[in-house]
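Engineer: start09.tsv is reproduced below (TSV, C-alpha atoms and all ligand atoms).
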```tsv
chain	number	residue	atom	x	y	z
R	5	MET	CA	3.69	19.96	-9.29
R	6	MET	CA	5.10	16.48	-9.76
R	7	ASP	CA	3.23	14.37	-12.34
R	8	THR	CA	1.60	11.20	-11.06
R	9	LEU	CA	4.14	8.76	-12.52
R	10	SER	CA	7.09	10.71	-11.07
R	11	LEU	CA	5.37	10.77	-7.68
R	12	ILE	CA	4.76	7.00	-7.84
R	13	LYS	CA	8.41	6.41	-8.76
R	14	LYS	CA	9.55	8.54	-5.83
R	15	LEU	CA	7.32	6.67	-3.38
R	16	ILE	CA	8.31	3.23	-4.68
R	17	SER	CA	12.01	4.13	-4.42
R	18	VAL	CA	11.75	4.20	-0.62
R	19	SER	CA	10.97	0.88	1.04
R	20	SER	CA	8.46	0.62	3.89
R	21	VAL	CA	8.30	-2.96	5.13
R	22	SER	CA	5.39	-3.32	7.54
R	23	GLY	CA	6.46	-2.04	10.96
R	24	PHE	CA	9.50	-0.26	9.49
R	25	GLU	CA	7.95	2.71	7.73
R	26	ASP	CA	10.13	5.47	9.29
R	27	GLU	CA	12.08	6.51	6.21
R	28	PHE	CA	8.99	6.42	4.02
R	29	SER	CA	6.92	8.43	6.50
R	30	GLU	CA	9.58	11.17	6.45
R	31	VAL	CA	9.32	11.28	2.65
R	32	VAL	CA	5.52	11.53	2.79
R	33	ALA	CA	5.67	14.24	5.45
R	34	SER	CA	8.17	16.26	3.38
R	35	LEU	CA	5.99	15.92	0.26
R	36	ILE	CA	2.89	17.32	1.97
R	37	ASP	CA	4.47	19.80	4.37
R	38	GLY	CA	3.31	23.27	3.40
R	39	PHE	CA	0.18	21.97	1.69
R	40	VAL	CA	-1.79	21.21	4.87
R	41	ASP	CA	-2.99	23.15	7.90
R	42	GLU	CA	-1.69	20.63	10.43
R	43	LEU	CA	0.83	17.84	10.12
R	44	GLU	CA	2.01	15.33	12.68
R	45	ILE	CA	3.65	11.95	12.94
R	46	ASP	CA	1.91	10.21	15.84
R	47	ARG	CA	3.36	7.88	18.47
R	48	VAL	CA	3.09	4.76	16.33
R	49	GLY	CA	4.39	6.42	13.17
R	50	ASN	CA	1.24	7.39	11.27
R	51	VAL	CA	1.48	10.63	9.28
R	52	VAL	CA	-1.70	12.58	9.96
R	53	ALA	CA	-2.54	15.83	8.18
R	54	ARG	CA	-5.53	18.15	8.20
R	55	VAL	CA	-6.88	20.37	5.45
R	56	GLU	CA	-9.26	22.81	6.99
R	57	GLY	CA	-12.73	23.26	5.57
R	58	GLU	CA	-15.84	24.72	7.14
R	59	GLY	CA	-16.00	21.84	9.59
R	60	LYS	CA	-19.46	20.54	8.69
R	61	GLU	CA	-18.15	16.97	8.49
R	62	ARG	CA	-14.85	15.35	9.41
R	63	VAL	CA	-13.72	13.19	6.51
R	64	LEU	CA	-10.82	10.77	6.88
R	65	VAL	CA	-8.88	9.72	3.77
R	66	ASP	CA	-6.43	6.95	4.67
R	67	ALA	CA	-3.74	5.17	2.66
R	68	HIS	CA	-1.41	2.70	4.31
R	69	MET	CA	2.31	3.28	3.93
R	70	ASP	CA	3.50	-0.23	4.68
R	71	GLU	CA	4.24	-2.98	2.19
R	72	VAL	CA	4.76	-6.71	2.63
R	73	GLY	CA	8.35	-7.79	3.22
R	74	LEU	CA	10.62	-9.98	5.30
R	75	ILE	CA	12.47	-9.79	8.62
R	76	VAL	CA	15.78	-11.43	9.56
R	77	LYS	CA	15.22	-14.19	12.11
R	78	ALA	CA	18.70	-15.67	12.45
R	79	ILE	CA	22.18	-15.52	10.92
R	80	ASP	CA	23.92	-18.87	10.54
R	81	GLU	CA	27.62	-19.65	10.99
R	82	LYS	CA	28.28	-19.30	7.25
R	83	GLY	CA	26.66	-15.88	7.05
R	84	PHE	CA	23.35	-16.92	5.46
R	85	LEU	CA	20.27	-15.09	6.76
R	86	ARG	CA	17.13	-16.92	7.81
R	87	PHE	CA	13.93	-14.90	7.71
R	88	THR	CA	10.20	-14.87	8.15
R	89	THR	CA	7.54	-12.92	6.25
R	90	LEU	CA	5.77	-9.73	7.31
R	91	GLY	CA	2.36	-9.68	5.64
R	92	GLY	CA	0.73	-12.15	3.28
R	93	ILE	CA	3.28	-13.53	0.83
R	94	ASP	CA	3.00	-16.65	-1.32
R	95	ASN	CA	6.27	-18.52	-0.68
R	96	ARG	CA	6.52	-19.45	-4.36
R	97	ILE	CA	7.31	-15.85	-5.31
R	98	LEU	CA	10.25	-15.68	-2.90
R	99	LEU	CA	12.64	-17.95	-4.79
R	100	ALA	CA	15.37	-16.17	-6.73
R	101	GLN	CA	14.37	-12.66	-5.65
R	102	ARG	CA	16.83	-9.82	-5.22
R	103	VAL	CA	16.37	-8.22	-1.81
R	104	ILE	CA	17.72	-5.38	0.32
R	105	VAL	CA	18.52	-5.86	4.00
R	106	HIS	CA	18.04	-2.60	5.88
R	107	THR	CA	20.74	-2.61	8.55
R	108	SER	CA	21.90	-0.09	11.14
R	109	LYS	CA	24.87	0.59	8.84
R	110	GLY	CA	22.82	1.01	5.68
R	111	LYS	CA	21.52	-1.16	2.88
R	112	VAL	CA	23.01	-4.57	2.16
R	113	LYS	CA	22.04	-6.34	-1.05
R	114	GLY	CA	21.20	-10.00	-1.13
R	115	VAL	CA	19.39	-12.74	-2.99
R	116	ILE	CA	16.97	-15.37	-1.82
R	117	ALA	CA	18.70	-18.52	-2.92
R	118	ALA	CA	17.18	-20.91	-5.39
R	119	MET	CA	18.40	-24.49	-5.75
R	120	PRO	CA	19.59	-25.17	-9.32
R	121	PRO	CA	17.62	-27.79	-11.24
R	122	HIS	CA	20.79	-29.89	-11.43
R	123	PHE	CA	20.63	-30.41	-7.65
R	124	THR	CA	16.97	-31.35	-7.31
R	125	SER	CA	14.71	-34.16	-8.41
R	126	GLU	CA	11.53	-33.53	-10.36
R	127	LYS	CA	9.54	-34.43	-7.25
R	128	GLU	CA	11.42	-31.94	-5.09
R	129	ARG	CA	10.74	-29.19	-7.62
R	130	GLU	CA	6.99	-29.78	-7.36
R	131	LYS	CA	6.97	-29.02	-3.64
R	132	MET	CA	5.87	-25.66	-2.25
R	133	PRO	CA	8.93	-24.16	-0.53
R	134	SER	CA	8.66	-23.55	3.20
R	135	VAL	CA	10.06	-20.25	4.49
R	136	ASP	CA	12.17	-22.30	6.89
R	137	ASP	CA	13.99	-23.85	3.92
R	138	LEU	CA	14.77	-20.50	2.32
R	139	PHE	CA	17.68	-18.19	3.09
R	140	ILE	CA	19.23	-14.93	1.97
R	141	ASP	CA	22.77	-14.92	0.56
R	142	ILE	CA	24.40	-11.49	1.09
R	143	GLY	CA	27.80	-12.70	-0.03
R	144	ALA	CA	29.15	-13.04	3.51
R	145	SER	CA	31.28	-16.08	4.37
R	146	SER	CA	30.67	-16.03	8.11
R	147	LYS	CA	28.35	-14.76	10.81
R	148	GLU	CA	31.07	-12.29	11.83
R	149	GLU	CA	31.28	-10.84	8.34
R	150	ALA	CA	27.51	-10.31	8.29
R	151	TYR	CA	27.69	-8.60	11.70
R	152	GLU	CA	30.50	-6.36	10.49
R	153	ARG	CA	28.26	-5.07	7.72
R	154	GLY	CA	25.65	-4.19	10.31
R	155	VAL	CA	23.28	-7.09	9.65
R	156	SER	CA	21.41	-8.20	12.75
R	157	VAL	CA	18.38	-10.17	13.81
R	158	SER	CA	15.17	-8.13	13.31
R	159	ASP	CA	16.45	-6.14	10.32
R	160	PRO	CA	13.66	-5.64	7.78
R	161	VAL	CA	14.18	-6.93	4.24
R	162	SER	CA	12.48	-5.48	1.18
R	163	PHE	CA	12.28	-6.64	-2.40
R	164	GLU	CA	14.51	-4.78	-4.79
R	165	GLY	CA	12.46	-3.06	-7.40
R	166	GLY	CA	11.68	0.23	-8.98
R	167	VAL	CA	8.86	1.08	-11.34
R	168	GLU	CA	8.99	-0.19	-14.91
R	169	GLU	CA	6.80	1.27	-17.61
R	170	LEU	CA	5.05	-1.41	-19.65
R	171	ILE	CA	3.16	-0.71	-22.85
R	172	GLY	CA	-0.41	0.66	-22.87
R	173	GLY	CA	0.04	3.07	-19.96
R	174	ARG	CA	0.66	0.22	-17.57
R	175	ILE	CA	3.31	0.12	-14.89
R	176	CYS	CA	4.97	-2.64	-12.93
R	177	GLY	CA	6.70	-2.61	-9.55
R	178	CYS	CA	6.63	-3.62	-5.92
R	179	GLY	CA	4.71	-1.93	-3.13
R	180	PHE	CA	1.88	-0.66	-5.35
R	181	ASP	CA	-0.22	-1.86	-2.42
R	182	ASP	CA	-0.56	0.77	-1.11
R	183	LYS	CA	1.85	3.35	-2.45
R	184	LEU	CA	-0.57	3.94	-5.31
R	185	GLY	CA	-3.12	4.87	-2.62
R	186	CYS	CA	-0.53	7.18	-1.03
R	187	ALA	CA	0.09	8.81	-4.42
R	188	VAL	CA	-3.66	9.38	-4.90
R	189	ALA	CA	-3.96	10.95	-1.43
R	190	ILE	CA	-0.95	13.23	-1.98
R	191	LYS	CA	-2.20	14.41	-5.39
R	192	ALA	CA	-5.68	15.06	-3.96
R	193	LEU	CA	-4.19	17.01	-1.11
R	194	TYR	CA	-2.19	19.21	-3.54
R	195	GLU	CA	-5.34	19.81	-5.54
R	196	LEU	CA	-7.35	20.81	-2.47
R	197	ARG	CA	-4.70	23.37	-1.63
R	198	ASN	CA	-5.18	24.90	-5.07
R	199	LEU	CA	-8.85	25.37	-4.17
R	200	LYS	CA	-7.93	27.39	-1.10
R	201	GLU	CA	-10.19	30.26	-2.18
R	202	THR	CA	-13.22	28.00	-1.91
R	203	PRO	CA	-12.44	25.57	0.91
R	204	PRO	CA	-14.39	22.32	1.10
R	205	SER	CA	-17.24	22.34	3.59
R	206	ALA	CA	-15.73	19.34	5.37
R	207	ASP	CA	-12.51	19.28	7.39
R	208	ILE	CA	-10.42	16.69	5.61
R	209	TYR	CA	-7.89	14.53	7.41
R	210	PHE	CA	-5.33	12.53	5.49
R	211	SER	CA	-3.64	9.64	7.23
R	212	PHE	CA	-0.72	7.67	5.89
R	213	SER	CA	-0.84	4.73	8.24
R	214	VAL	CA	1.55	2.03	9.39
R	215	GLU	CA	1.09	-1.74	9.66
R	216	GLU	CA	-2.04	-2.39	7.61
R	217	GLU	CA	-0.50	-5.60	6.32
R	218	ARG	CA	-0.12	-6.93	9.88
R	219	GLY	CA	-3.81	-6.83	10.75
R	220	LEU	CA	-5.10	-3.28	10.12
R	221	ARG	CA	-3.19	-2.08	13.17
R	222	GLY	CA	-1.80	1.40	12.49
R	223	VAL	CA	-4.97	3.19	11.52
R	224	LYS	CA	-6.78	2.42	14.78
R	225	PRO	CA	-5.29	5.29	16.83
R	226	VAL	CA	-5.87	7.62	13.86
R	227	ALA	CA	-9.56	6.77	13.65
R	228	PHE	CA	-9.89	7.21	17.40
R	229	ARG	CA	-8.22	10.59	17.41
R	230	VAL	CA	-9.74	12.10	14.27
R	231	ASN	CA	-13.17	10.71	15.16
R	232	PRO	CA	-14.34	11.07	11.55
R	233	THR	CA	-17.97	11.16	10.48
R	234	ILE	CA	-17.10	9.81	7.02
R	235	ALA	CA	-14.11	7.77	5.81
R	236	ILE	CA	-12.86	7.07	2.30
R	237	PRO	CA	-9.87	4.73	2.66
R	238	LEU	CA	-7.68	4.28	-0.41
R	239	ASP	CA	-6.19	0.91	-1.21
R	240	THR	CA	-5.56	-1.49	-4.07
R	241	THR	CA	-7.66	-4.48	-5.02
R	242	GLY	CA	-6.97	-7.58	-7.04
R	243	ALA	CA	-7.84	-7.44	-10.72
R	244	GLY	CA	-8.83	-10.84	-12.10
R	245	ASP	CA	-8.32	-10.18	-15.80
R	246	TYR	CA	-5.44	-12.52	-16.63
R	247	PRO	CA	-4.97	-16.20	-17.47
R	248	GLY	CA	-5.44	-18.72	-14.72
R	249	VAL	CA	-7.78	-16.73	-12.46
R	250	LYS	CA	-10.80	-18.88	-11.67
R	251	PRO	CA	-14.02	-17.51	-13.21
R	252	PHE	CA	-15.87	-15.02	-11.02
R	253	ILE	CA	-13.12	-14.79	-8.39
R	254	SER	CA	-12.80	-11.09	-9.28
R	255	SER	CA	-14.81	-9.00	-11.73
R	256	VAL	CA	-12.32	-6.17	-11.37
R	257	VAL	CA	-10.26	-5.33	-14.46
R	258	LEU	CA	-7.40	-2.94	-15.19
R	259	GLY	CA	-8.22	0.28	-17.02
R	260	LYS	CA	-11.92	0.49	-16.13
R	261	GLY	CA	-11.50	2.98	-13.32
R	262	PRO	CA	-11.45	3.03	-9.52
R	263	VAL	CA	-13.21	0.29	-7.60
R	264	ILE	CA	-15.90	1.39	-5.18
R	265	ARG	CA	-15.39	-1.44	-2.71
R	266	ALA	CA	-18.87	-2.58	-1.72
R	267	ALA	CA	-17.85	-5.63	0.30
R	268	ASP	CA	-14.91	-7.84	1.17
R	269	ARG	CA	-13.88	-10.53	3.63
R	270	MET	CA	-14.39	-8.30	6.70
R	271	PHE	CA	-16.37	-5.32	5.52
R	272	ILE	CA	-19.58	-4.04	3.97
R	273	ALA	CA	-19.63	-0.45	2.74
R	274	GLU	CA	-21.96	2.06	4.32
R	275	ARG	CA	-24.70	2.50	1.76
R	276	SER	CA	-24.96	6.31	1.70
R	277	VAL	CA	-21.21	6.79	1.13
R	278	LYS	CA	-21.16	4.10	-1.54
R	279	GLU	CA	-24.12	5.66	-3.36
R	280	PHE	CA	-22.59	9.12	-2.99
R	281	LEU	CA	-19.34	7.95	-4.66
R	282	ILE	CA	-21.30	6.33	-7.50
R	283	LYS	CA	-23.31	9.53	-8.01
R	284	VAL	CA	-20.18	11.71	-8.05
R	285	ALA	CA	-18.53	9.37	-10.58
R	286	GLU	CA	-21.57	9.36	-12.86
R	287	GLU	CA	-22.15	13.10	-12.69
R	288	ASN	CA	-18.54	13.78	-13.62
R	289	GLY	CA	-18.16	11.09	-16.28
R	290	ILE	CA	-15.50	9.21	-14.29
R	291	PRO	CA	-15.38	5.45	-15.00
R	292	TYR	CA	-15.80	3.22	-11.95
R	293	GLN	CA	-16.29	-0.41	-10.98
R	294	ILE	CA	-18.18	-1.89	-8.05
R	295	GLY	CA	-16.12	-4.49	-6.21
R	296	VAL	CA	-17.08	-7.42	-4.04
R	297	VAL	CA	-13.61	-8.71	-3.50
R	298	MET	CA	-11.24	-10.86	-1.47
R	299	GLY	CA	-8.99	-9.61	1.33
R	300	THR	CA	-9.77	-6.51	3.31
R	301	THR	CA	-8.56	-2.98	3.98
R	302	ASN	CA	-8.24	-0.43	6.76
R	303	ALA	CA	-11.91	0.37	6.08
R	304	ALA	CA	-12.83	-2.60	8.27
R	305	ALA	CA	-10.97	-1.06	11.24
R	306	ILE	CA	-12.05	2.55	10.65
R	307	GLN	CA	-15.72	1.64	10.28
R	308	LEU	CA	-15.87	0.30	13.84
R	309	ALA	CA	-13.93	3.10	15.55
R	310	ARG	CA	-15.65	4.83	18.47
R	311	GLU	CA	-19.36	5.03	17.67
R	312	GLY	CA	-18.91	3.93	14.07
R	313	VAL	CA	-17.85	5.73	10.88
R	314	ALA	CA	-19.73	5.83	7.56
R	315	THR	CA	-17.08	4.22	5.38
R	316	CYS	CA	-16.57	3.21	1.76
R	317	PRO	CA	-13.11	2.62	0.21
R	318	LEU	CA	-11.88	3.55	-3.23
R	319	CYS	CA	-9.45	1.00	-4.65
R	320	ILE	CA	-7.03	0.90	-7.54
R	321	PRO	CA	-7.06	-2.37	-9.50
R	322	VAL	CA	-3.74	-4.24	-9.33
R	323	ARG	CA	-2.61	-7.56	-10.81
R	324	TYR	CA	-0.24	-9.95	-8.98
R	325	ALA	CA	-0.70	-8.25	-5.59
R	326	HIS	CA	1.89	-8.75	-2.84
R	327	SER	CA	4.59	-9.67	-5.33
R	328	PRO	CA	7.51	-7.58	-6.61
R	329	VAL	CA	5.86	-7.38	-10.03
R	330	GLU	CA	2.47	-5.82	-9.32
R	331	VAL	CA	0.92	-4.34	-12.47
R	332	ALA	CA	-1.44	-1.37	-12.59
R	333	ASP	CA	-2.90	1.00	-15.17
R	334	LEU	CA	-1.98	4.65	-14.76
R	335	SER	CA	-5.41	5.71	-16.01
R	336	ASP	CA	-6.98	3.99	-12.99
R	337	VAL	CA	-4.71	5.97	-10.68
R	338	GLU	CA	-5.62	9.24	-12.43
R	339	ASN	CA	-9.33	8.44	-12.33
R	340	THR	CA	-9.13	7.58	-8.63
R	341	ILE	CA	-7.54	10.99	-8.00
R	342	ARG	CA	-10.33	12.67	-10.01
R	343	LEU	CA	-13.08	10.83	-8.20
R	344	LEU	CA	-11.59	11.47	-4.77
R	345	ILE	CA	-11.18	15.22	-5.38
R	346	LYS	CA	-14.72	15.54	-6.73
R	347	ALA	CA	-16.06	13.60	-3.75
R	348	LEU	CA	-14.13	15.63	-1.18
R	349	THR	CA	-15.27	18.94	-2.66
R	350	THR	CA	-18.87	17.79	-3.04
R	351	ILE	CA	-19.43	16.50	0.52
R	352	SER	CA	-21.55	19.11	2.25
G	401	ZN	ZN	-3.29	-2.63	0.91
```
In structure tokens, write the structure found in this file.
Ligand SMILES: [Zn+2]

Structural biologist:
Amino acid sequence: MMDTLSLIKKLISVSSVSGFEDEFSEVVASLIDGFVDELEIDRVGNVVARVEGEGKERVLVDAHMDEVGLIVKAIDEKGFLRFTTLGGIDNRILLAQRVIVHTSKGKVKGVIAAMPPHFTSEKEREKMPSVDDLFIDIGASSKEEAYERGVSVSDPVSFEGGVEELIGGRICGCGFDDKLGCAVAIKALYELRNLKETPPSADIYFSFSVEEERGLRGVKPVAFRVNPTIAIPLDTTGAGDYPGVKPFISSVVLGKGPVIRAADRMFIAERSVKEFLIKVAEENGIPYQIGVVMGTTNAAAIQLAREGVATCPLCIPVRYAHSPVEVADLSDVENTIRLLIKALTTIS
């Protein structure tokens, strides 16, 4: 079985800009095929799998496949690409990034241009860049040349980036939100298959959903169809343990274990699931943190599906979210896997 870091590297190597998850969903499906009792890619592109238990509960574990990125909006006469963002991105991180344009003829490399300091005044450099002022240089000299390479309006654009290992068991890369969640779900699913002799009492559904970053869209048909009684969505959450973060904006830190997400901008966890996760963590000596955090997750959409779903997410702490240099601690990923497996096999 692939170790967690190798799995993360494999997932990060395939881009999945929100709304353009096709290639990534094929990779996920191929990784879990043979380990589940049912597997399907639904009409909107979600990968949905079922691990059969005794059917006492229907538990949904969701991780979103999509990551923030860009989309080509126009190609100008000189072959420069204009774009807009897909998902929440701070424009300041866009300058001077290496990017990949995913065209019908394959990948085309490019850079988001940055004006040299020699060409700008001090005042101009203080200004927040507008996306309308930014452009991608793919090396083309004309619109025709860009077309010839397959570039066209509506092509998705991802940040270039693999996974780098930092010191202290920490890793850096783009798309940790939510490919770390996908990695946790895949590892848990493998583990459940190893327990085949003693199946969990719940039927467990795993969804790898599309378009979370565009308003929690993809998971809605999954929640409708699976009609779960309990949901444990997996996502990342912003750690606040670095210079410049205002006091109390986030009590989450790297390396202290998974975050049981009690509340966020759009969501309050169902109390019994939250307390169950805390109990499982404590009984098994797994470190955990309770999070009242910014942003939101697919939990907010799942919770209100049909007649309501008892929902509490597990999140992996991440620094510098929605940038190409997200930083996470591998021990948090491992402890999230441990907690999820224990929870899934304890639900009765
Ligand atoms: Zn996310």

Engineer: Env of segment 215-231 of chain R: 9 Å cut, atoms = only C-alpha atoms, seq-sep filter 4 positions within chain, self excluded. Answer as a ChimeraX atom specification.

Structural biologist: /R:21-25,46,48-50,52,62-64,66,68-72,90-92,209,211,300-307,309-313

Engineer: Could you list, as a PyMOL selection string, all residues that come within 6 Å of ligand ZN 401 (chain G)? Count all atoms listed in the file.

Structural biologist: chain R and resi 181-182+239-240

Engineer: Quick one: pull the distance between atom CA of Ile320 of chain R and atom CA of Lys183 of chain R, Å, one decimal.

Structural biologist: 10.5 Å

Engineer: Could you state the separation of atom CA of Ile208 of chain R and atom CA of Arg54 of chain R in Å, given to one decimal place?

Structural biologist: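 Between atom CA of Ile208 of chain R and atom CA of Arg54 of chain R the gap is 5.7 Å.
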
Engineer: Excluding segment 127-136 of chain R and its own-chain neighbours fewer than 6 positions away, which residues fall within 7 Å of it when counting all atoms listed in the file? Please give them as a ChimeraX atom specification.

Structural biologist: /R:88,95-96

Engineer: Counting all atoms listed in the file, figure out which residue out of R:Leu11, R:Leu85, R:Met298, R:Cys316 gets nearest to Lys147 of chain R.

Structural biologist: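 Of R:Leu11, R:Leu85, R:Met298, R:Cys316, the one nearest Lys147 of chain R, counting all atoms listed in the file, is R:Leu85.
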
Engineer: Quick one, how far is atom CA of Phe28 of chain R from atom CA of Met5 of chain R?

Structural biologist: 19.7 Å

Engineer: Identify which of the residues R:Pro203, R:Pro262, R:Gly289, R:Pro237 lies closest to Gly59 of chain R, counting only C-alpha atoms when measuring atom-to-atom distances.

Structural biologist: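 Closest to Gly59 of chain R, using only C-alpha atoms: R:Pro203.
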
Engineer: Given only C-alpha atoms as the basis, pick out the residue of R:Ser276, R:Asn288, R:Thr349, R:Ser205 nearest to Glu58 of chain R.

Structural biologist: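 Of the candidates, the smallest distance to Glu58 of chain R is held by R:Ser205.
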
Engineer: What's the 12 Å shell around Leu138 of chain R, counting all atoms listed in the file, without same-chain residues fewer than 3 positions away, as an MDAnalysis selection string?

Structural biologist: chainID R and resid 74 76:78 84:89 95:101 115:119 132:135 141

Engineer: Nearest to Ser19 of chain R among R:Val161, R:Ala150, R:Ala235, R:Leu35, with distances taken over only C-alpha atoms: which residue is it?

Structural biologist: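 Of the candidates, the smallest distance to Ser19 of chain R is held by R:Val161.
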
Engineer: Measuring between all atoms listed in the file, which one of R:Arg47, R:Lys250, R:Arg265, R:His106 shows the shortest distance to Ile236 of chain R?

Structural biologist: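 Closest to Ile236 of chain R, using all atoms listed in the file: R:Arg265.
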
Engineer: Find, counting all atoms listed in the file, the residue in R:Phe123, R:Phe280, R:Tyr246, R:Phe212 that gets nearest to Ile190 of chain R.

Structural biologist: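 Once distances to Ile190 of chain R are computed over all atoms listed in the file, the minimum belongs to R:Phe212.
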
Engineer: With a distance cut-off of 8 Å and only C-alpha atoms, select the neighbouring residues of Arg174 of chain R, excluding the residue or stretch itself and same-chain residues fewer than 3 positions from it, and output the selection as a PyMOL selection string.

Structural biologist: chain R and resi 169-171+331-334

Engineer: Using the partial input, fill out segment 319-339 of chain R with N, CA and C atoms; write the result as a PDB file, keeping the file's coordinate frame.

Structural biologist:
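Listing of part-v6.pdb after writing:
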```
ATOM      1  N   CYS R 319     -10.627   1.844  -4.426  1.00  0.00           N
ATOM      2  CA  CYS R 319      -9.450   1.000  -4.650  1.00  0.00           C
ATOM      3  C   CYS R 319      -8.961   1.072  -6.081  1.00  0.00           C
ATOM      4  N   ILE R 320      -7.665   0.905  -6.217  1.00  0.00           N
ATOM      5  CA  ILE R 320      -7.030   0.900  -7.540  1.00  0.00           C
ATOM      6  C   ILE R 320      -6.787  -0.558  -7.918  1.00  0.00           C
ATOM      7  N   PRO R 321      -7.270  -0.974  -9.092  1.00  0.00           N
ATOM      8  CA  PRO R 321      -7.060  -2.370  -9.500  1.00  0.00           C
ATOM      9  C   PRO R 321      -5.577  -2.677  -9.715  1.00  0.00           C
ATOM     10  N   VAL R 322      -5.141  -3.818  -9.203  1.00  0.00           N
ATOM     11  CA  VAL R 322      -3.740  -4.240  -9.330  1.00  0.00           C
ATOM     12  C   VAL R 322      -3.694  -5.736  -9.624  1.00  0.00           C
ATOM     13  N   ARG R 323      -2.854  -6.129 -10.566  1.00  0.00           N
ATOM     14  CA  ARG R 323      -2.610  -7.560 -10.810  1.00  0.00           C
ATOM     15  C   ARG R 323      -1.412  -8.021  -9.979  1.00  0.00           C
ATOM     16  N   TYR R 324      -1.389  -9.284  -9.639  1.00  0.00           N
ATOM     17  CA  TYR R 324      -0.240  -9.950  -8.980  1.00  0.00           C
ATOM     18  C   TYR R 324       0.127  -9.282  -7.653  1.00  0.00           C
ATOM     19  N   ALA R 325      -0.914  -8.959  -6.857  1.00  0.00           N
ATOM     20  CA  ALA R 325      -0.700  -8.250  -5.590  1.00  0.00           C
ATOM     21  C   ALA R 325       0.245  -8.998  -4.667  1.00  0.00           C
ATOM     22  N   HIS R 326       0.930  -8.233  -3.838  1.00  0.00           N
ATOM     23  CA  HIS R 326       1.890  -8.750  -2.840  1.00  0.00           C
ATOM     24  C   HIS R 326       3.036  -9.521  -3.482  1.00  0.00           C
ATOM     25  N   SER R 327       3.388  -9.115  -4.689  1.00  0.00           N
ATOM     26  CA  SER R 327       4.590  -9.670  -5.330  1.00  0.00           C
ATOM     27  C   SER R 327       5.443  -8.481  -5.769  1.00  0.00           C
ATOM     28  N   PRO R 328       6.689  -8.717  -6.155  1.00  0.00           N
ATOM     29  CA  PRO R 328       7.510  -7.580  -6.610  1.00  0.00           C
ATOM     30  C   PRO R 328       7.173  -7.118  -8.022  1.00  0.00           C
ATOM     31  N   VAL R 329       6.199  -7.758  -8.652  1.00  0.00           N
ATOM     32  CA  VAL R 329       5.860  -7.380 -10.030  1.00  0.00           C
ATOM     33  C   VAL R 329       4.368  -7.045 -10.159  1.00  0.00           C
ATOM     34  N   GLU R 330       3.870  -6.243  -9.232  1.00  0.00           N
ATOM     35  CA  GLU R 330       2.470  -5.820  -9.320  1.00  0.00           C
ATOM     36  C   GLU R 330       2.311  -4.968 -10.594  1.00  0.00           C
ATOM     37  N   VAL R 331       1.169  -5.103 -11.243  1.00  0.00           N
ATOM     38  CA  VAL R 331       0.920  -4.340 -12.470  1.00  0.00           C
ATOM     39  C   VAL R 331      -0.360  -3.523 -12.298  1.00  0.00           C
ATOM     40  N   ALA R 332      -0.274  -2.252 -12.672  1.00  0.00           N
ATOM     41  CA  ALA R 332      -1.440  -1.370 -12.590  1.00  0.00           C
ATOM     42  C   ALA R 332      -1.525  -0.516 -13.841  1.00  0.00           C
ATOM     43  N   ASP R 333      -2.665   0.125 -14.018  1.00  0.00           N
ATOM     44  CA  ASP R 333      -2.900   1.000 -15.170  1.00  0.00           C
ATOM     45  C   ASP R 333      -2.932   2.436 -14.665  1.00  0.00           C
ATOM     46  N   LEU R 334      -2.057   3.261 -15.241  1.00  0.00           N
ATOM     47  CA  LEU R 334      -1.980   4.650 -14.760  1.00  0.00           C
ATOM     48  C   LEU R 334      -3.311   5.395 -14.868  1.00  0.00           C
ATOM     49  N   SER R 335      -4.128   5.014 -15.864  1.00  0.00           N
ATOM     50  CA  SER R 335      -5.410   5.710 -16.010  1.00  0.00           C
ATOM     51  C   SER R 335      -6.305   5.451 -14.806  1.00  0.00           C
ATOM     52  N   ASP R 336      -6.185   4.273 -14.197  1.00  0.00           N
ATOM     53  CA  ASP R 336      -6.980   3.990 -12.990  1.00  0.00           C
ATOM     54  C   ASP R 336      -6.535   4.879 -11.827  1.00  0.00           C
ATOM     55  N   VAL R 337      -5.225   5.106 -11.747  1.00  0.00           N
ATOM     56  CA  VAL R 337      -4.710   5.970 -10.680  1.00  0.00           C
ATOM     57  C   VAL R 337      -5.242   7.392 -10.895  1.00  0.00           C
ATOM     58  N   GLU R 338      -5.148   7.871 -12.135  1.00  0.00           N
ATOM     59  CA  GLU R 338      -5.620   9.240 -12.430  1.00  0.00           C
ATOM     60  C   GLU R 338      -7.111   9.377 -12.167  1.00  0.00           C
ATOM     61  N   ASN R 339      -7.881   8.355 -12.551  1.00  0.00           N
ATOM     62  CA  ASN R 339      -9.330   8.440 -12.330  1.00  0.00           C
ATOM     63  C   ASN R 339      -9.699   8.329 -10.851  1.00  0.00           C
TER      64      ASN R 339
END
```
